[in-house]
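*Asks:* For reference, the structure I am asking about is given below.
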Amino acid sequence: MILLSLALSLWGQEPRFVRTETGGAMLHAEAYARDAREPGDQARALLGREPSRIDRVEYPGQGHIIIMATAAPGASDPRRVLYADEGGREELMCLLSTRQPDGRDNRQEATRWCLSFLVTPQTEIPLPPLWPSSAPEG
(Lines give C-alpha, C1' and ligand atoms only; values in the text may rest on other atoms or scores of the structure.)
Protein backbone atom coordinates (compact mmCIF):
# COMPACT_ATOMS: atom_id res chain seq x y z
CA MET A 1 0.00 0.00 0.00
CA ILE A 2 2.82 2.42 0.90
CA LEU A 3 4.74 1.55 -2.26
CA LEU A 4 1.62 2.12 -4.34
CA SER A 5 1.08 5.57 -2.82
CA LEU A 6 4.75 6.44 -3.37
CA ALA A 7 4.54 5.32 -6.98
CA LEU A 8 1.36 7.31 -7.56
CA SER A 9 2.83 10.43 -6.00
CA LEU A 10 5.89 10.16 -8.25
CA TRP A 11 3.83 9.60 -11.37
CA GLY A 12 3.76 12.71 -13.52
CA GLN A 13 6.65 14.41 -11.75
CA GLU A 14 9.09 15.49 -14.43
CA PRO A 15 12.63 16.72 -13.75
CA ARG A 16 13.26 20.41 -14.35
CA PHE A 17 16.92 19.83 -15.25
CA VAL A 18 18.84 16.69 -16.23
CA ARG A 19 22.62 16.40 -16.12
CA THR A 20 24.01 15.28 -19.46
CA GLU A 21 26.76 12.70 -18.97
CA THR A 22 29.13 11.05 -21.35
CA GLY A 23 28.54 7.34 -21.86
CA GLY A 24 29.55 4.97 -19.12
CA ALA A 25 28.95 7.31 -16.15
CA MET A 26 27.95 5.69 -12.85
CA LEU A 27 25.43 8.32 -11.64
CA HIS A 28 22.54 10.09 -13.27
CA ALA A 29 21.41 13.44 -11.76
CA GLU A 30 18.08 15.22 -12.06
CA ALA A 31 16.75 18.39 -10.41
CA TYR A 32 13.03 18.52 -9.54
CA ALA A 33 10.84 21.43 -8.51
CA ARG A 34 9.63 21.22 -4.93
CA ASP A 35 5.90 20.84 -4.70
CA ALA A 36 3.33 21.60 -1.98
CA ARG A 37 4.09 18.41 -0.03
CA GLU A 38 6.47 18.25 2.88
CA PRO A 39 9.99 17.92 1.42
CA GLY A 40 10.51 14.60 3.19
CA ASP A 41 7.40 13.16 1.54
CA GLN A 42 8.51 14.35 -1.88
CA ALA A 43 12.01 12.93 -1.27
CA ARG A 44 10.49 9.54 -0.39
CA ALA A 45 8.43 9.66 -3.59
CA LEU A 46 11.57 10.38 -5.65
CA LEU A 47 13.41 7.53 -3.93
CA GLY A 48 10.52 5.17 -4.65
CA ARG A 49 10.87 3.60 -1.20
CA GLU A 50 11.55 4.48 2.42
CA PRO A 51 15.09 5.78 2.96
CA SER A 52 17.48 3.71 5.01
CA ARG A 53 19.32 6.88 6.14
CA ILE A 54 18.53 10.53 6.51
CA ASP A 55 21.48 12.83 7.25
CA ARG A 56 21.54 16.53 8.05
CA VAL A 57 24.74 18.07 6.72
CA GLU A 58 25.91 21.65 7.18
CA TYR A 59 27.22 23.05 3.92
CA PRO A 60 30.69 24.53 4.57
CA GLY A 61 31.00 28.28 4.61
CA GLN A 62 27.29 29.02 4.33
CA GLY A 63 25.59 27.24 7.19
CA HIS A 64 22.90 25.80 4.94
CA ILE A 65 21.48 22.51 6.06
CA ILE A 66 21.18 19.90 3.33
CA ILE A 67 19.13 16.75 3.89
CA MET A 68 20.30 13.55 2.20
CA ALA A 69 17.90 10.62 2.06
CA THR A 70 19.80 7.51 1.01
CA ALA A 71 18.14 4.40 -0.35
CA ALA A 72 19.16 1.09 1.17
CA PRO A 73 22.68 -0.11 0.34
CA GLY A 74 22.66 -3.12 -1.94
CA ALA A 75 19.39 -2.07 -3.55
CA SER A 76 19.19 -2.72 -7.28
CA ASP A 77 18.97 1.04 -7.94
CA PRO A 78 20.58 2.96 -5.06
CA ARG A 79 19.33 6.55 -4.99
CA ARG A 80 19.95 9.72 -3.00
CA VAL A 81 17.84 12.84 -2.73
CA LEU A 82 19.39 16.14 -1.68
CA TYR A 83 17.46 19.26 -0.74
CA ALA A 84 17.99 22.46 1.22
CA ASP A 85 16.15 22.43 4.52
CA GLU A 86 16.94 25.92 5.80
CA GLY A 87 18.37 28.75 3.79
CA GLY A 88 19.74 28.23 0.33
CA ARG A 89 17.37 27.61 -2.50
CA GLU A 90 14.43 25.66 -1.27
CA GLU A 91 12.57 25.53 -4.58
CA LEU A 92 14.44 22.49 -5.98
CA MET A 93 15.60 19.05 -4.90
CA CYS A 94 17.99 16.72 -6.65
CA LEU A 95 17.86 12.98 -7.31
CA LEU A 96 21.09 11.00 -7.82
CA SER A 97 20.51 7.49 -9.12
CA THR A 98 22.97 4.76 -10.04
CA ARG A 99 22.66 3.78 -13.67
CA GLN A 100 25.87 1.78 -14.18
CA PRO A 101 27.36 0.49 -10.89
CA ASP A 102 30.63 -0.39 -12.64
CA GLY A 103 30.69 2.79 -14.71
CA ARG A 104 33.03 5.77 -14.60
CA ASP A 105 32.98 7.31 -11.12
CA ASN A 106 31.27 10.69 -11.54
CA ARG A 107 29.99 11.05 -7.96
CA GLN A 108 31.84 14.31 -7.24
CA GLU A 109 30.76 16.01 -10.46
CA ALA A 110 27.13 14.89 -10.16
CA THR A 111 26.94 15.94 -6.50
CA ARG A 112 28.52 19.32 -7.29
CA TRP A 113 25.96 19.78 -10.07
CA CYS A 114 23.13 19.05 -7.62
CA LEU A 115 24.50 21.40 -5.00
CA SER A 116 24.67 24.20 -7.57
CA PHE A 117 20.84 24.15 -7.53
CA LEU A 118 20.55 23.96 -3.76
CA VAL A 119 22.96 26.50 -2.29
CA THR A 120 23.13 30.21 -2.90
CA PRO A 121 26.27 31.11 -4.82
CA GLN A 122 28.66 33.33 -2.92
CA THR A 123 30.82 35.78 -4.82
CA GLU A 124 33.39 37.97 -3.18
CA ILE A 125 33.47 41.34 -4.92
CA PRO A 126 36.40 43.53 -3.86
CA LEU A 127 35.29 47.02 -2.97
CA PRO A 128 37.09 49.89 -4.64
CA PRO A 129 38.36 52.69 -2.39
CA LEU A 130 35.25 54.71 -1.63
CA TRP A 131 36.85 57.50 0.34
CA PRO A 132 39.91 59.60 -0.36
CA SER A 133 43.01 58.67 1.52
CA SER A 134 43.17 60.17 5.01
CA ALA A 135 46.89 60.89 4.59
CA PRO A 136 47.76 64.48 5.43
CA GLU A 137 48.20 66.66 2.43
CA GLY A 138 51.66 68.11 2.05
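Please note that chains go A, B, ... in the order of the C-alpha coordinates, that every chain numbers its residues from 1, and that ligands are numbered from 1 in the order shown.
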Fewer than 6 positions away in the same chain doesn't count, so skip those; otherwise give me all residues within 9 Å of A:Thr70, counting only C-alpha atoms, as a list in words.
*Replies:*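 The filter keeps Leu47, Glu50, Pro51, Ser52, Arg53, Ile54, Asp55, Pro78, Arg79, Arg80 and Val81 of chain A.
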*Asks:* Which stretch 30-113 of chain A residues have any atom within 9 Å of an atom of stretch 20-25 of chain A, and for each, what is the nearest pair of atoms with distance in Å to one decimal, counting only C-alpha atoms, rows sorted by chain and number, as CSV?
*Replies:*
residue,atom,partner,partner_atom,distance
A:Thr98,CA,A:Ala25,CA,8.9
A:Arg99,CA,A:Ala25,CA,7.6
A:Gln100,CA,A:Ala25,CA,6.6
A:Pro101,CA,A:Ala25,CA,8.8
A:Asp102,CA,A:Gly24,CA,8.5
A:Gly103,CA,A:Gly24,CA,5.0
A:Arg104,CA,A:Ala25,CA,4.6
A:Asp105,CA,A:Ala25,CA,6.4
A:Asn106,CA,A:Ala25,CA,6.2
*Asks:* How about saving the chosen residues, all heavy atoms kept, as a PDB file, in the first residue's frame?
*Replies:*
ATOM      1  N   THR A  98      21.901   5.556  -9.435  1.00  0.00           N
ATOM      2  CA  THR A  98      22.966   4.763 -10.037  1.00  0.00           C
ATOM      3  C   THR A  98      22.426   4.098 -11.298  1.00  0.00           C
ATOM      4  O   THR A  98      21.445   3.362 -11.234  1.00  0.00           O
ATOM      5  CB  THR A  98      23.473   3.697  -9.051  1.00  0.00           C
ATOM      6  OG1 THR A  98      23.919   4.358  -7.876  1.00  0.00           O
ATOM      7  CG2 THR A  98      24.608   2.894  -9.650  1.00  0.00           C
ATOM      8  N   ARG A  99      23.069   4.383 -12.401  1.00  0.00           N
ATOM      9  CA  ARG A  99      22.658   3.778 -13.671  1.00  0.00           C
ATOM     10  C   ARG A  99      23.577   2.625 -14.047  1.00  0.00           C
ATOM     11  O   ARG A  99      23.136   1.608 -14.536  1.00  0.00           O
ATOM     12  CB  ARG A  99      22.660   4.823 -14.785  1.00  0.00           C
ATOM     13  CG  ARG A  99      21.613   5.884 -14.619  1.00  0.00           C
ATOM     14  CD  ARG A  99      20.229   5.295 -14.887  1.00  0.00           C
ATOM     15  NE  ARG A  99      19.151   6.173 -14.521  1.00  0.00           N
ATOM     16  CZ  ARG A  99      18.559   7.018 -15.330  1.00  0.00           C
ATOM     17  NH1 ARG A  99      18.953   7.127 -16.568  1.00  0.00           N
ATOM     18  NH2 ARG A  99      17.576   7.757 -14.906  1.00  0.00           N
ATOM     19  N   GLN A 100      24.886   2.816 -13.835  1.00  0.00           N
ATOM     20  CA  GLN A 100      25.865   1.781 -14.176  1.00  0.00           C
ATOM     21  C   GLN A 100      26.802   1.608 -12.981  1.00  0.00           C
ATOM     22  O   GLN A 100      27.764   2.361 -12.847  1.00  0.00           O
ATOM     23  CB  GLN A 100      26.655   2.177 -15.419  1.00  0.00           C
ATOM     24  CG  GLN A 100      25.801   2.289 -16.651  1.00  0.00           C
ATOM     25  CD  GLN A 100      26.633   2.603 -17.877  1.00  0.00           C
ATOM     26  OE1 GLN A 100      27.828   2.332 -17.931  1.00  0.00           O
ATOM     27  NE2 GLN A 100      25.997   3.148 -18.890  1.00  0.00           N
ATOM     28  N   PRO A 101      26.535   0.642 -12.101  1.00  0.00           N
ATOM     29  CA  PRO A 101      27.356   0.485 -10.894  1.00  0.00           C
ATOM     30  C   PRO A 101      28.846   0.359 -11.175  1.00  0.00           C
ATOM     31  O   PRO A 101      29.669   0.806 -10.382  1.00  0.00           O
ATOM     32  CB  PRO A 101      26.814  -0.783 -10.247  1.00  0.00           C
ATOM     33  CG  PRO A 101      25.469  -0.984 -10.832  1.00  0.00           C
ATOM     34  CD  PRO A 101      25.486  -0.345 -12.191  1.00  0.00           C
ATOM     35  N   ASP A 102      29.213  -0.228 -12.297  1.00  0.00           N
ATOM     36  CA  ASP A 102      30.629  -0.393 -12.638  1.00  0.00           C
ATOM     37  C   ASP A 102      31.121   0.684 -13.605  1.00  0.00           C
ATOM     38  O   ASP A 102      32.204   0.559 -14.164  1.00  0.00           O
ATOM     39  CB  ASP A 102      30.860  -1.780 -13.261  1.00  0.00           C
ATOM     40  CG  ASP A 102      30.533  -2.892 -12.284  1.00  0.00           C
ATOM     41  OD1 ASP A 102      30.758  -2.686 -11.070  1.00  0.00           O
ATOM     42  OD2 ASP A 102      30.040  -3.943 -12.725  1.00  0.00           O
ATOM     43  N   GLY A 103      30.328   1.738 -13.771  1.00  0.00           N
ATOM     44  CA  GLY A 103      30.691   2.793 -14.713  1.00  0.00           C
ATOM     45  C   GLY A 103      31.734   3.747 -14.165  1.00  0.00           C
ATOM     46  O   GLY A 103      32.212   3.610 -13.036  1.00  0.00           O
ATOM     47  N   ARG A 104      32.064   4.745 -14.983  1.00  0.00           N
ATOM     48  CA  ARG A 104      33.030   5.772 -14.597  1.00  0.00           C
ATOM     49  C   ARG A 104      32.507   6.512 -13.374  1.00  0.00           C
ATOM     50  O   ARG A 104      31.363   6.926 -13.322  1.00  0.00           O
ATOM     51  CB  ARG A 104      33.214   6.742 -15.764  1.00  0.00           C
ATOM     52  CG  ARG A 104      34.163   7.891 -15.475  1.00  0.00           C
ATOM     53  CD  ARG A 104      34.290   8.824 -16.667  1.00  0.00           C
ATOM     54  NE  ARG A 104      33.022   9.319 -17.181  1.00  0.00           N
ATOM     55  CZ  ARG A 104      32.326  10.325 -16.639  1.00  0.00           C
ATOM     56  NH1 ARG A 104      32.754  10.925 -15.570  1.00  0.00           N
ATOM     57  NH2 ARG A 104      31.200  10.713 -17.200  1.00  0.00           N
ATOM     58  N   ASP A 105      33.370   6.682 -12.372  1.00  0.00           N
ATOM     59  CA  ASP A 105      32.985   7.313 -11.118  1.00  0.00           C
ATOM     60  C   ASP A 105      32.811   8.821 -11.327  1.00  0.00           C
ATOM     61  O   ASP A 105      33.774   9.553 -11.445  1.00  0.00           O
ATOM     62  CB  ASP A 105      34.029   7.035 -10.037  1.00  0.00           C
ATOM     63  CG  ASP A 105      33.602   7.517  -8.670  1.00  0.00           C
ATOM     64  OD1 ASP A 105      32.533   8.153  -8.557  1.00  0.00           O
ATOM     65  OD2 ASP A 105      34.336   7.260  -7.699  1.00  0.00           O
ATOM     66  N   ASN A 106      31.577   9.275 -11.365  1.00  0.00           N
ATOM     67  CA  ASN A 106      31.269  10.693 -11.543  1.00  0.00           C
ATOM     68  C   ASN A 106      30.523  11.249 -10.327  1.00  0.00           C
ATOM     69  O   ASN A 106      29.795  12.223 -10.428  1.00  0.00           O
ATOM     70  CB  ASN A 106      30.448  10.903 -12.811  1.00  0.00           C
ATOM     71  CG  ASN A 106      29.070  10.272 -12.720  1.00  0.00           C
ATOM     72  OD1 ASN A 106      28.870   9.275 -12.025  1.00  0.00           O
ATOM     73  ND2 ASN A 106      28.119  10.836 -13.435  1.00  0.00           N
TER      74      ASN A 106
END
*Asks:* Using only C-alpha atoms, determine which residues lie at most 6 Å from A:Met93, disregarding the query and same-chain residues fewer than 3 positions distant; provide the list as number ranges by chain.
*Replies:* A: 31-32, 82-83
*Asks:* Which residue is closest to A:Pro39? Choose from A:Glu109, A:Leu96, A:Ala71, A:Ile66 and count only C-alpha atoms.
*Replies:* A:Ile66
*Asks:* What is the atom CA of A:Thr120 to atom CA of A:Asp85 distance in Å?
*Replies:*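 That distance, rounded to one decimal, is 12.8 Å.
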*Asks:* Report, in Å to a single decimal, how far apart atom CA of A:Leu95 and atom CA of A:Ala29 are.
*Replies:*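 If I compute the distance from atom CA of A:Ala29 to atom CA of A:Leu95, I get 5.7 Å.
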*Asks:* From the set A:Cys94, A:Leu118, A:Ala75, A:Val57, which residue has the shortest atom-to-atom contact distance to A:Glu14, counting only C-alpha atoms?
*Replies:*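 Comparing A:Cys94, A:Leu118, A:Ala75, A:Val57 against A:Glu14, the winner is A:Cys94.
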*Asks:* Need the shell around A:Leu46: protein/DNA/RNA residues with any atom at most 8 Å away, counting only C-alpha atoms. Skip same-chain ones fewer than 2 positions apart. Format as a list of chain:residue names?
*Replies:*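 The contact residues come out as A:Leu10, A:Gln42, A:Ala43, A:Arg44, A:Gly48, A:Val81, A:Leu95.
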